[in-house]
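What follows is start15.cif (mmCIF, C-alpha atoms).
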data_target
loop_
_atom_site.label_atom_id
_atom_site.label_comp_id
_atom_site.auth_asym_id
_atom_site.auth_seq_id
_atom_site.Cartn_x
_atom_site.Cartn_y
_atom_site.Cartn_z
CA MET A 1 57.08 32.05 118.76
CA ARG A 2 58.05 35.51 119.71
CA ALA A 3 55.25 37.42 118.05
CA CYS A 4 52.67 36.21 120.57
CA ALA A 5 54.71 37.03 123.63
CA LEU A 6 55.32 40.39 122.10
CA PHE A 7 51.64 41.17 121.83
CA SER A 8 50.80 40.29 125.38
CA SER A 9 53.67 42.39 126.64
CA VAL A 10 52.45 45.28 124.55
CA LEU A 11 49.04 44.87 126.08
CA THR A 12 50.23 44.93 129.62
CA ALA A 13 52.92 47.54 129.16
CA LEU A 14 51.01 50.04 127.15
CA GLY A 15 47.94 48.86 125.38
CA PHE A 16 45.82 48.47 128.45
CA ALA A 17 45.69 52.13 129.33
CA VAL A 18 45.58 53.00 125.68
CA PHE A 19 42.76 50.74 124.66
CA VAL A 20 40.69 51.65 127.65
CA ALA A 21 41.19 55.28 126.76
CA THR A 22 40.18 54.79 123.13
CA ALA A 23 37.23 52.57 123.91
CA LEU A 24 35.49 55.03 126.21
CA PRO A 25 33.84 58.23 125.09
CA PRO A 26 35.79 61.13 126.60
CA ALA A 27 32.95 62.14 128.92
CA ARG A 28 32.88 58.73 130.54
CA ALA A 29 36.63 58.18 130.87
CA ALA A 30 37.16 57.29 134.47
CA ASP A 31 40.76 58.39 134.78
CA ALA A 32 41.78 61.81 133.56
CA PRO A 33 44.35 61.90 130.75
CA ASP A 34 47.85 62.05 132.12
CA PRO A 35 50.41 62.85 129.41
CA ALA A 36 53.36 62.72 131.80
CA ALA A 37 52.42 59.21 132.90
CA ASP A 38 51.84 58.20 129.25
CA ALA A 39 55.29 59.43 128.28
CA LYS A 40 56.89 57.50 131.10
CA ALA A 41 55.02 54.27 130.26
CA PHE A 42 55.87 54.77 126.60
CA ARG A 43 59.56 55.19 127.26
CA ASP A 44 59.67 52.32 129.77
CA TYR A 45 58.04 50.01 127.25
CA PHE A 46 60.78 50.57 124.67
CA VAL A 47 63.63 50.57 127.17
CA LYS A 48 62.43 47.25 128.54
CA LYS A 49 61.85 45.74 125.13
CA PHE A 50 65.31 46.77 123.90
CA PRO A 51 67.55 46.64 126.95
CA LYS A 52 70.69 46.91 124.82
CA VAL A 53 69.69 50.13 123.07
CA LYS A 54 70.82 53.29 124.83
CA LEU A 55 67.98 55.74 125.36
CA ASP A 56 69.44 58.42 123.09
CA ASP A 57 69.99 55.87 120.35
CA PHE A 58 66.29 55.35 119.69
CA VAL A 59 66.37 58.54 117.65
CA ASN A 60 68.34 56.66 115.01
CA GLY A 61 65.23 54.74 114.02
CA PRO A 62 65.81 51.44 112.27
CA TYR A 63 69.55 51.87 112.79
CA SER A 64 69.13 51.56 116.54
CA MET A 65 67.58 48.13 116.22
CA ASN A 66 70.64 45.97 115.65
CA GLU A 67 74.40 46.00 115.28
CA ASP A 68 74.49 45.51 111.52
CA MET A 69 72.06 48.33 110.99
CA ARG A 70 74.08 50.48 113.35
CA LYS A 71 77.23 49.95 111.32
CA GLN A 72 75.36 50.92 108.18
CA TRP A 73 74.31 54.12 109.86
CA GLU A 74 77.79 55.00 111.03
CA GLU A 75 79.09 54.49 107.50
CA LYS A 76 76.33 56.66 106.09
CA GLU A 77 77.08 59.48 108.47
CA GLN A 78 80.56 59.83 106.99
CA PHE A 79 79.12 61.08 103.70
CA PRO A 80 75.64 62.08 104.73
CA PRO A 81 73.23 62.13 101.79
CA TYR A 82 71.29 65.02 103.37
CA GLU A 83 74.29 67.35 103.12
CA PHE A 84 73.05 68.97 99.96
CA ALA A 85 69.64 69.79 101.43
CA LEU A 86 71.25 71.07 104.58
CA GLU A 87 73.44 73.51 102.67
CA ALA A 88 70.52 74.67 100.57
CA GLY A 89 68.40 75.15 103.68
CA LYS A 90 71.05 77.23 105.35
CA GLU A 91 71.22 79.53 102.38
CA MET A 92 67.45 79.78 102.01
CA PHE A 93 67.12 80.56 105.66
CA ALA A 94 69.55 83.44 105.40
CA THR A 95 68.04 84.91 102.24
CA PRO A 96 65.57 87.76 102.91
CA PHE A 97 62.05 87.73 101.45
CA LYS A 98 61.12 90.33 98.86
CA ASN A 99 59.87 92.60 101.65
CA GLY A 100 63.28 92.54 103.34
CA LYS A 101 62.21 90.40 106.30
CA SER A 102 63.38 86.85 106.79
CA TYR A 103 62.55 83.58 108.52
CA ALA A 104 64.53 84.69 111.53
CA ASP A 105 61.89 87.37 112.18
CA CYS A 106 59.17 84.73 112.60
CA PHE A 107 60.80 82.61 115.29
CA ALA A 108 62.14 82.91 118.80
CA ASN A 109 65.93 83.22 118.89
CA GLY A 110 65.96 84.00 115.17
CA GLY A 111 64.94 80.39 114.49
CA ILE A 112 68.27 78.98 115.60
CA GLY A 113 68.16 76.02 118.00
CA VAL A 114 64.36 75.99 118.35
CA ARG A 115 63.37 72.79 116.54
CA GLN A 116 63.00 70.90 119.84
CA ASN A 117 60.11 73.19 120.86
CA TYR A 118 57.91 72.18 117.89
CA PRO A 119 55.09 71.35 117.62
CA MET A 120 53.81 74.06 119.93
CA PHE A 121 50.31 74.55 121.17
CA ASP A 122 49.15 78.00 120.09
CA GLU A 123 46.69 79.25 122.67
CA LYS A 124 45.44 82.04 120.44
CA GLU A 125 44.51 79.71 117.62
CA GLY A 126 43.61 76.89 119.99
CA LYS A 127 45.55 74.43 117.84
CA VAL A 128 48.86 72.68 117.41
CA VAL A 129 51.41 74.47 115.22
CA THR A 130 54.15 72.34 113.72
CA LEU A 131 57.45 73.66 112.45
CA GLU A 132 56.46 72.99 108.84
CA LEU A 133 53.25 74.92 109.33
CA ALA A 134 55.03 77.80 111.08
CA LEU A 135 57.47 78.05 108.17
CA ASN A 136 54.74 78.34 105.57
CA ARG A 137 52.81 80.79 107.70
CA CYS A 138 55.96 82.87 107.97
CA ARG A 139 56.25 82.89 104.19
CA GLU A 140 52.63 83.83 103.67
CA ALA A 141 52.72 86.56 106.29
CA ASN A 142 55.58 88.05 104.30
CA GLY A 143 53.87 87.87 100.94
CA GLU A 144 55.57 84.69 99.72
CA LYS A 145 53.90 81.56 98.35
CA PRO A 146 53.82 78.55 100.68
CA TYR A 147 55.99 75.55 99.83
CA SER A 148 54.86 71.97 99.32
CA TYR A 149 54.90 70.31 102.73
CA VAL A 150 56.43 67.04 101.70
CA LYS A 151 59.90 67.63 100.25
CA ASP A 152 62.35 69.93 98.48
CA GLU A 153 62.40 73.45 99.96
CA MET A 154 60.40 72.50 103.06
CA ALA A 155 62.74 69.58 103.74
CA SER A 156 65.77 71.81 103.24
CA LEU A 157 64.52 74.47 105.64
CA THR A 158 63.55 71.98 108.34
CA ALA A 159 66.85 70.14 107.82
CA TYR A 160 68.76 73.30 108.59
CA MET A 161 66.59 74.17 111.59
CA ALA A 162 66.92 70.63 112.97
CA PHE A 163 70.66 70.80 112.49
CA THR A 164 70.90 73.92 114.64
CA SER A 165 69.08 71.99 117.38
CA ARG A 166 71.09 68.77 117.21
CA GLY A 167 71.58 67.29 120.64
CA LYS A 168 68.90 69.44 122.25
CA PRO A 169 66.23 67.30 123.93
CA PHE A 170 62.66 67.44 122.67
CA ASP A 171 60.86 69.87 124.96
CA ILE A 172 57.18 69.80 124.02
CA LYS A 173 54.84 71.57 126.39
CA ILE A 174 51.18 70.97 127.04
CA PRO A 175 49.92 74.26 128.49
CA ALA A 176 47.10 74.31 131.02
CA ASP A 177 44.49 74.78 128.33
CA PRO A 178 41.86 72.07 127.94
CA ARG A 179 42.20 72.36 124.16
CA ALA A 180 45.88 71.45 124.37
CA LEU A 181 45.11 68.31 126.33
CA GLU A 182 42.35 67.48 123.88
CA ALA A 183 44.76 67.88 120.94
CA TYR A 184 47.20 65.55 122.67
CA GLN A 185 44.45 62.99 123.32
CA GLU A 186 43.28 63.20 119.72
CA GLY A 187 46.81 62.59 118.50
CA LYS A 188 47.16 59.63 120.78
CA ARG A 189 43.83 58.22 119.63
CA TYR A 190 44.88 58.58 116.00
CA PHE A 191 48.14 56.78 116.69
CA TYR A 192 46.43 53.73 118.21
CA THR A 193 43.37 53.49 115.96
CA ARG A 194 43.43 50.72 113.39
CA ARG A 195 42.34 51.78 109.93
CA GLY A 196 42.48 50.99 106.26
CA GLN A 197 41.80 47.73 104.52
CA LEU A 198 44.74 46.10 106.29
CA ASN A 199 43.52 47.15 109.72
CA PHE A 200 46.80 48.66 110.90
CA SER A 201 47.35 51.48 113.34
CA CYS A 202 50.60 53.42 113.56
CA ALA A 203 51.24 51.42 116.72
CA THR A 204 50.84 48.10 114.92
CA CYS A 205 54.09 48.73 113.11
CA HIS A 206 56.01 51.12 115.35
CA VAL A 207 55.02 49.87 118.84
CA GLN A 208 54.16 46.20 118.35
CA SER A 209 56.78 45.41 115.73
CA PRO A 210 59.83 47.72 115.83
CA GLY A 211 63.02 45.92 114.89
CA GLU A 212 61.02 43.38 112.88
CA ARG A 213 61.31 43.37 109.15
CA ILE A 214 58.32 44.14 106.99
CA ARG A 215 59.63 42.67 103.75
CA ALA A 216 63.13 44.14 103.59
CA GLU A 217 62.53 47.20 105.78
CA THR A 218 63.34 47.26 109.47
CA LEU A 219 60.65 49.06 111.43
CA ALA A 220 61.67 52.06 113.53
CA PRO A 221 60.53 52.26 117.16
CA ALA A 222 57.94 54.95 117.92
CA LEU A 223 60.10 56.34 120.70
CA GLY A 224 62.19 59.11 119.14
CA ILE A 225 60.62 58.48 115.72
CA LEU A 226 60.44 62.18 114.81
CA ASN A 227 63.77 63.32 116.25
CA ALA A 228 65.69 62.64 113.04
CA MET A 229 63.23 64.37 110.71
CA PRO A 230 63.51 65.39 107.95
CA ILE A 231 65.23 62.37 106.44
CA TYR A 232 66.96 61.40 103.26
CA ARG A 233 65.69 58.05 102.03
CA SER A 234 67.38 56.14 99.26
CA GLU A 235 63.95 54.78 98.37
CA TRP A 236 62.73 58.34 97.76
CA SER A 237 66.09 59.31 96.26
CA GLY A 238 65.63 62.49 98.16
CA MET A 239 64.50 64.18 101.32
CA GLY A 240 61.15 63.88 103.00
CA THR A 241 59.48 65.81 105.79
CA ILE A 242 57.30 64.57 108.62
CA SER A 243 54.30 65.26 106.38
CA ARG A 244 55.79 63.02 103.72
CA ARG A 245 56.41 60.18 106.14
CA PHE A 246 52.92 60.35 107.64
CA THR A 247 51.23 60.31 104.25
CA THR A 248 53.51 57.52 102.99
CA CYS A 249 52.76 55.33 106.00
CA ASN A 250 49.04 55.90 105.55
CA SER A 251 49.21 54.90 101.88
CA GLN A 252 51.21 51.80 102.72
CA ILE A 253 48.28 50.44 104.64
CA ARG A 254 45.98 50.95 101.66
CA GLY A 255 44.37 53.78 103.56
CA VAL A 256 43.64 57.23 102.23
CA PRO A 257 46.28 59.64 103.49
CA LEU A 258 45.11 62.91 105.01
CA GLU A 259 46.11 66.35 103.79
CA PRO A 260 49.54 67.36 105.11
CA GLN A 261 49.07 69.58 108.17
CA SER A 262 45.46 68.55 108.66
CA ASP A 263 44.34 68.84 112.28
CA GLU A 264 44.72 65.09 112.71
CA TYR A 265 48.35 65.06 111.59
CA ARG A 266 49.13 68.13 113.68
CA ASN A 267 47.73 66.41 116.76
CA LEU A 268 49.50 63.17 115.89
CA GLU A 269 52.82 64.99 115.66
CA TYR A 270 52.10 66.69 118.97
CA TYR A 271 51.50 63.34 120.68
CA LEU A 272 54.49 61.58 119.13
CA SER A 273 56.84 64.46 119.92
CA TYR A 274 55.60 64.82 123.47
CA VAL A 275 56.18 61.16 124.32
CA SER A 276 59.75 61.55 123.02
CA ASN A 277 60.46 64.49 125.32
CA GLY A 278 64.02 64.31 126.62
CA LEU A 279 65.42 62.51 123.59
CA PRO A 280 67.81 64.58 121.49
CA ILE A 281 67.03 66.07 118.10
CA SER A 282 69.22 64.22 115.60
CA GLY A 283 67.92 65.55 112.28
CA PRO A 284 68.43 65.71 109.48
CA GLY A 285 68.68 61.94 109.20
CA ALA A 286 69.59 59.37 106.57
CA ARG A 287 67.70 56.12 106.07
CA PRO A 288 68.17 53.08 103.85
CA MET B 1 50.21 44.70 88.49
CA ARG B 2 46.48 45.50 88.39
CA ALA B 3 46.02 43.61 85.21
CA ALA B 4 47.70 40.64 86.82
CA ALA B 5 45.39 40.85 89.81
CA VAL B 6 42.37 40.94 87.55
CA ALA B 7 43.70 38.00 85.62
CA PHE B 8 44.07 36.09 88.87
CA ALA B 9 40.58 36.90 89.90
CA MET B 10 39.30 35.57 86.60
CA LEU B 11 41.45 32.49 86.84
CA THR B 12 40.34 31.62 90.32
CA ALA B 13 36.74 32.22 89.38
CA GLY B 14 36.94 29.75 86.51
CA PRO B 15 36.38 26.02 86.90
CA ALA B 16 40.06 25.28 86.12
CA ALA B 17 41.04 26.99 89.35
CA ALA B 18 39.62 24.30 91.58
CA GLN B 19 42.05 21.78 90.17
CA SER B 20 45.20 23.76 90.81
CA GLY B 21 44.43 25.15 94.24
CA PRO B 22 47.95 25.00 95.67
CA ALA B 23 49.61 26.66 92.66
CA ASP B 24 47.04 29.43 92.51
CA GLY B 25 47.24 29.74 96.25
CA GLN B 26 50.96 30.24 96.14
CA LYS B 27 50.60 32.98 93.54
CA LEU B 28 47.94 34.71 95.59
CA ALA B 29 49.99 34.39 98.77
CA PHE B 30 53.07 35.92 97.14
CA ASP B 31 51.30 38.62 95.09
CA ARG B 32 51.89 42.00 96.72
CA GLY B 33 48.46 43.22 95.70
CA LYS B 34 46.73 40.16 97.17
CA GLY B 35 47.90 38.11 100.15
CA ASN B 36 51.36 39.65 100.31
CA CYS B 37 52.02 37.12 103.07
CA LEU B 38 55.79 37.45 102.59
CA THR B 39 55.60 40.92 104.07
CA CYS B 40 55.40 39.19 107.44
CA HIS B 41 56.09 35.47 106.97
CA GLU B 42 58.99 33.45 105.69
CA ILE B 43 57.58 30.90 103.24
CA THR B 44 59.69 28.40 101.30
CA GLY B 45 60.00 29.60 97.71
CA GLY B 46 59.36 33.30 98.46
CA ASP B 47 61.88 36.14 98.37
CA LEU B 48 62.55 38.93 100.85
CA PRO B 49 60.33 37.77 103.69
CA GLY B 50 59.62 39.97 106.69
CA THR B 51 59.92 38.75 110.27
CA ILE B 52 56.72 39.99 111.90
CA GLY B 53 54.93 36.63 111.81
CA PRO B 54 56.18 33.08 112.35
CA LYS B 55 57.70 31.07 109.51
CA LEU B 56 54.90 29.16 107.78
CA GLU B 57 55.96 25.51 107.91
CA ASN B 58 54.60 22.12 109.02
CA ILE B 59 51.19 23.65 108.64
CA LYS B 60 49.38 20.39 108.04
CA SER B 61 50.54 18.88 111.31
CA LYS B 62 49.93 22.09 113.21
CA TYR B 63 46.49 22.72 111.74
CA PRO B 64 45.07 19.38 110.57
CA ASP B 65 41.62 20.99 110.31
CA ARG B 66 41.60 23.30 107.28
CA GLY B 67 38.73 25.19 108.86
CA ASP B 68 41.22 26.60 111.36
CA LEU B 69 43.36 27.97 108.55
CA VAL B 70 40.37 29.48 106.78
CA ALA B 71 39.49 31.15 110.09
CA ILE B 72 43.01 32.54 110.56
CA LEU B 73 42.99 34.05 107.08
CA THR B 74 39.44 35.30 107.30
CA ASP B 75 39.93 37.20 110.55
CA GLU B 76 42.82 36.42 112.88
CA THR B 77 41.65 39.16 115.26
CA ARG B 78 38.95 36.75 116.45
CA ARG B 79 41.65 34.45 117.83
CA ASN B 80 43.97 37.25 118.88
CA PRO B 81 42.41 40.73 119.06
CA GLN B 82 45.85 42.35 119.10
CA THR B 83 47.22 40.56 116.08
CA VAL B 84 49.08 42.45 113.38
CA MET B 85 47.78 40.08 110.72
CA PRO B 86 45.17 41.74 108.48
CA PRO B 87 41.62 40.29 108.44
CA PHE B 88 41.81 39.19 104.81
CA GLY B 89 38.27 37.82 104.61
CA ARG B 90 36.45 40.28 106.82
CA ASN B 91 37.95 43.29 105.05
CA ARG B 92 37.50 41.70 101.62
CA ILE B 93 41.15 41.78 100.73
CA LEU B 94 40.70 38.19 99.54
CA THR B 95 37.55 36.38 98.42
CA GLU B 96 36.44 33.12 100.00
CA GLN B 97 37.69 31.31 96.92
CA GLU B 98 41.07 32.97 97.11
CA ILE B 99 41.34 32.10 100.78
CA ASN B 100 40.56 28.50 99.99
CA ALA B 101 43.25 28.39 97.32
CA ILE B 102 45.79 29.82 99.76
CA VAL B 103 44.78 27.26 102.38
CA ASP B 104 45.38 24.52 99.79
CA PHE B 105 48.85 25.94 99.33
CA LEU B 106 49.48 26.27 103.09
CA GLN B 107 48.69 22.59 103.51
CA THR B 108 51.60 21.72 101.24
CA LEU B 109 54.06 23.54 103.51
#
Written form, C-alpha cells:
Amino acid sequence: MRACALFSSVLTALGFAVFVATALPPARAADAPDPAADAKAFRDYFVKKFPKVKLDDFVNGPYSMNEDMRKQWEEKEQFPPYEFALEAGKEMFATPFKNGKSYADCFANGGIGVRQNYPMFDEKEGKVVTLELALNRCREANGEKPYSYVKDEMASLTAYMAFTSRGKPFDIKIPADPRALEAYQEGKRYFYTRRGQLNFSCATCHVQSPGERIRAETLAPALGILNAMPIYRSEWSGMGTISRRFTTCNSQIRGVPLEPQSDEYRNLEYYLSYVSNGLPISGPGARP
Amino acid sequence: MRAAAVAFAMLTAGPAAAQSGPADGQKLAFDRGKGNCLTCHEITGGDLPGTIGPKLENIKSKYPDRGDLVAILTDETRRNPQTVMPPFGRNRILTEQEINAIVDFLQTL
C-alpha cells in the first residue's frame, strides 16, 4: 500500500527536521533555523517524489501531477478563463486615483515585473507585507477604499501584476533581522501544525498527499503552490486570490479560517513563497 | 444536509439502529458531513472516491478482531502518528455508536 511508504518517506525527507522544530520551544531549539537548508530539503523532497516532473512544472499545481491533467491544462491555456480578469486588471492598474497618483507610484519599477519579490519583509514595520496588502495600502494612502482581499478587483490587479512577472523566478529575501527569521519560522510552524476537527495541517494535503485525489480533486504539491496565483477556478466560477485559497483550505478542514492578511497568513505566505524561490511566476492560473 | 445528519443521529440513537448496523454504517460512511470516508477511500457502492487511503476491501480477513477497526476509526494516529486519517472518535466527529455501525458495515466489505 503506497500511503504507508509515503508517510515514512515524508518523515525522513522533511518531517524530521520539521517536527523537531515544532515540538521544541524556540528558546530550546538546538539547531538554529536555516531557511536555505529548509528550501533545499523541501525542493529535494518533491523532486525525488516526482522524478518525472520538471522543476519548473510544479508551478502548474494539480496539472503537473500526471499526463492527463497536463493535457487538460494545455487545452485550458488556449482560451484562458482568467483573460477577462487580466484585461480588467491592466486597465485598473493604469487608471489614476482621484488624487492623480496611481498604483505605479507605490511600487518599485512602477509595479511592473515585481510580483516575484512579494511577500517582502518590511523592516520598518517589522512584519511581512504581501502583494495584496501592499495594493490595499497603496489605495488607502491615496484616499481610496481598500478592496476585498479574496476576489474581484484584488484578483484582477494581482493577475495583471503576476502576468508582468511571468517566467521570473520567485526571489524572496529574508533580511538579517531576527524578526524576519521569526516570521519565517512562524509561517513554517503554521504550515505543519495540524488543526481543526479533522486534524489536518496544510502539509497533510500538500506535502504528504500531492497527486492523490481527495474525492475528485487532485492535490497540488506545496512546491510552487503560490506561483500561479491568483487563479480562476471553475468551482468558484471566478477568480480567487491567495487569501481566498488560504481561507477556503482552512474551511475545508472544518476549521475556522483566519482573517485575510492576518499575521499568521502573512507569515505562511512568506514561508511558502521562500521555499519556492527559483521557481517561475506563472500566474494568473486556471484550475479545474 | 444538516437535517439529514440530525435524522441520522436520531436513528442511530434509537433501538432500531442496532438491528441495521451495516446499512446505517454505510450511510454514515458515505455521508459528507459524517464519515466522508470516500474522500480518501474507494469503497464498493460509493461514488467519486479519493485515492489518499487504501481501497477498503477484504476487511474481515484483514481485521478479524473488530476492536482493531474501532481503534482505527477512533484514532488512527495512535497506530501511525503521521497518518492523514482524521481521529473520528477522539475529535468527536463520530460517536461511539456511529463508529460501531460503520465497523459493522466495514465487516461486510
Fill in: Hits from the PyMOL selection byres ((chain B) within 7 of (chain A)), listed as an NGL selection string
:B and (38-40 or 48-54 or 82 or 84 or 86-87 or 91)
Residues of the last selection are to be written out with C-alpha atoms, as a JSON list (two decimals), keeping the file's coordinate frame.
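Final output, saved to selection-v2.json:
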[["chain", "number", "residue", "atom", "x", "y", "z"],
["B", 38, "LEU", "CA", 55.79, 37.45, 102.59],
["B", 39, "THR", "CA", 55.60, 40.92, 104.07],
["B", 40, "CYS", "CA", 55.40, 39.19, 107.44],
["B", 48, "LEU", "CA", 62.55, 38.93, 100.85],
["B", 49, "PRO", "CA", 60.33, 37.77, 103.69],
["B", 50, "GLY", "CA", 59.62, 39.97, 106.69],
["B", 51, "THR", "CA", 59.92, 38.75, 110.27],
["B", 52, "ILE", "CA", 56.72, 39.99, 111.90],
["B", 53, "GLY", "CA", 54.93, 36.63, 111.81],
["B", 54, "PRO", "CA", 56.18, 33.08, 112.35],
["B", 82, "GLN", "CA", 45.85, 42.35, 119.10],
["B", 84, "VAL", "CA", 49.08, 42.45, 113.38],
["B", 86, "PRO", "CA", 45.17, 41.74, 108.48],
["B", 87, "PRO", "CA", 41.62, 40.29, 108.44],
["B", 91, "ASN", "CA", 37.95, 43.29, 105.05]]
Practice prompt. Using the chain letters and numbering of this document, enumerate as a PyMOL selection string the residues selected by the PyMOL selection byres ((chain A and resi 229) around 12).
Written response: chain A and resi 59-61+82+115-116+118+131-132+150-151+154-163+165-166+224-228+230-233+239-246+269+273+280-287
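Take CA of Lys60 in chain B and CA of Ala29 in chain B: the distance between them is 16.8 Å.
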Worksheet item: Within 10 Å of Thr108 in chain B, counting all atoms listed in the file, which residues qualify if same-chain residues fewer than 3 places away don't, as a list in words?
Response: Pro22, Gln26, Glu57, Asn58, Ile59, Lys60, Val103, Asp104 and Phe105 of chain B
Write the residues of the preceding selection, restricted to C-alpha atoms, as a tab-separated table (two decimals), keeping the file's coordinate frame.
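Once written, part_13.tsv looks like this:
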chain	number	residue	atom	x	y	z
B	22	PRO	CA	47.95	25.00	95.67
B	26	GLN	CA	50.96	30.24	96.14
B	57	GLU	CA	55.96	25.51	107.91
B	58	ASN	CA	54.60	22.12	109.02
B	59	ILE	CA	51.19	23.65	108.64
B	60	LYS	CA	49.38	20.39	108.04
B	103	VAL	CA	44.78	27.26	102.38
B	104	ASP	CA	45.38	24.52	99.79
B	105	PHE	CA	48.85	25.94	99.33
So what does the PyMOL selection byres ((chain B and resi 96-100) around 8) actually pick up in this one, as an mmCIF file with C-alpha atoms, keeping the file's coordinate frame?
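What follows is the written file result13.cif:
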data_model
loop_
_atom_site.group_PDB
_atom_site.id
_atom_site.type_symbol
_atom_site.label_atom_id
_atom_site.label_comp_id
_atom_site.auth_asym_id
_atom_site.auth_seq_id
_atom_site.Cartn_x
_atom_site.Cartn_y
_atom_site.Cartn_z
ATOM 1 C CA THR B 12 40.340 31.620 90.320
ATOM 2 C CA ALA B 13 36.740 32.220 89.380
ATOM 3 C CA GLY B 21 44.430 25.150 94.240
ATOM 4 C CA GLY B 25 47.240 29.740 96.250
ATOM 5 C CA LEU B 28 47.940 34.710 95.590
ATOM 6 C CA VAL B 70 40.370 29.480 106.780
ATOM 7 C CA LEU B 73 42.990 34.050 107.080
ATOM 8 C CA THR B 74 39.440 35.300 107.300
ATOM 9 C CA GLY B 89 38.270 37.820 104.610
ATOM 10 C CA LEU B 94 40.700 38.190 99.540
ATOM 11 C CA THR B 95 37.550 36.380 98.420
ATOM 12 C CA ALA B 101 43.250 28.390 97.320
ATOM 13 C CA ILE B 102 45.790 29.820 99.760
ATOM 14 C CA VAL B 103 44.780 27.260 102.380
ATOM 15 C CA ASP B 104 45.380 24.520 99.790
#
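As for CA of Leu109 in chain B and CA of Leu56 in chain B, they are spaced 7.1 Å apart.
If only C-alpha atoms are the atoms counted, then among A:Phe46, A:Phe107, A:Tyr270, A:Tyr149 the closest residue to Thr247 in chain A is A:Tyr149.
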Practice prompt. Please measure the separation of CA of Asn277 in chain A and CA of Phe170 in chain A, giving the value in Å to one decimal.
Written response: 4.5 Å
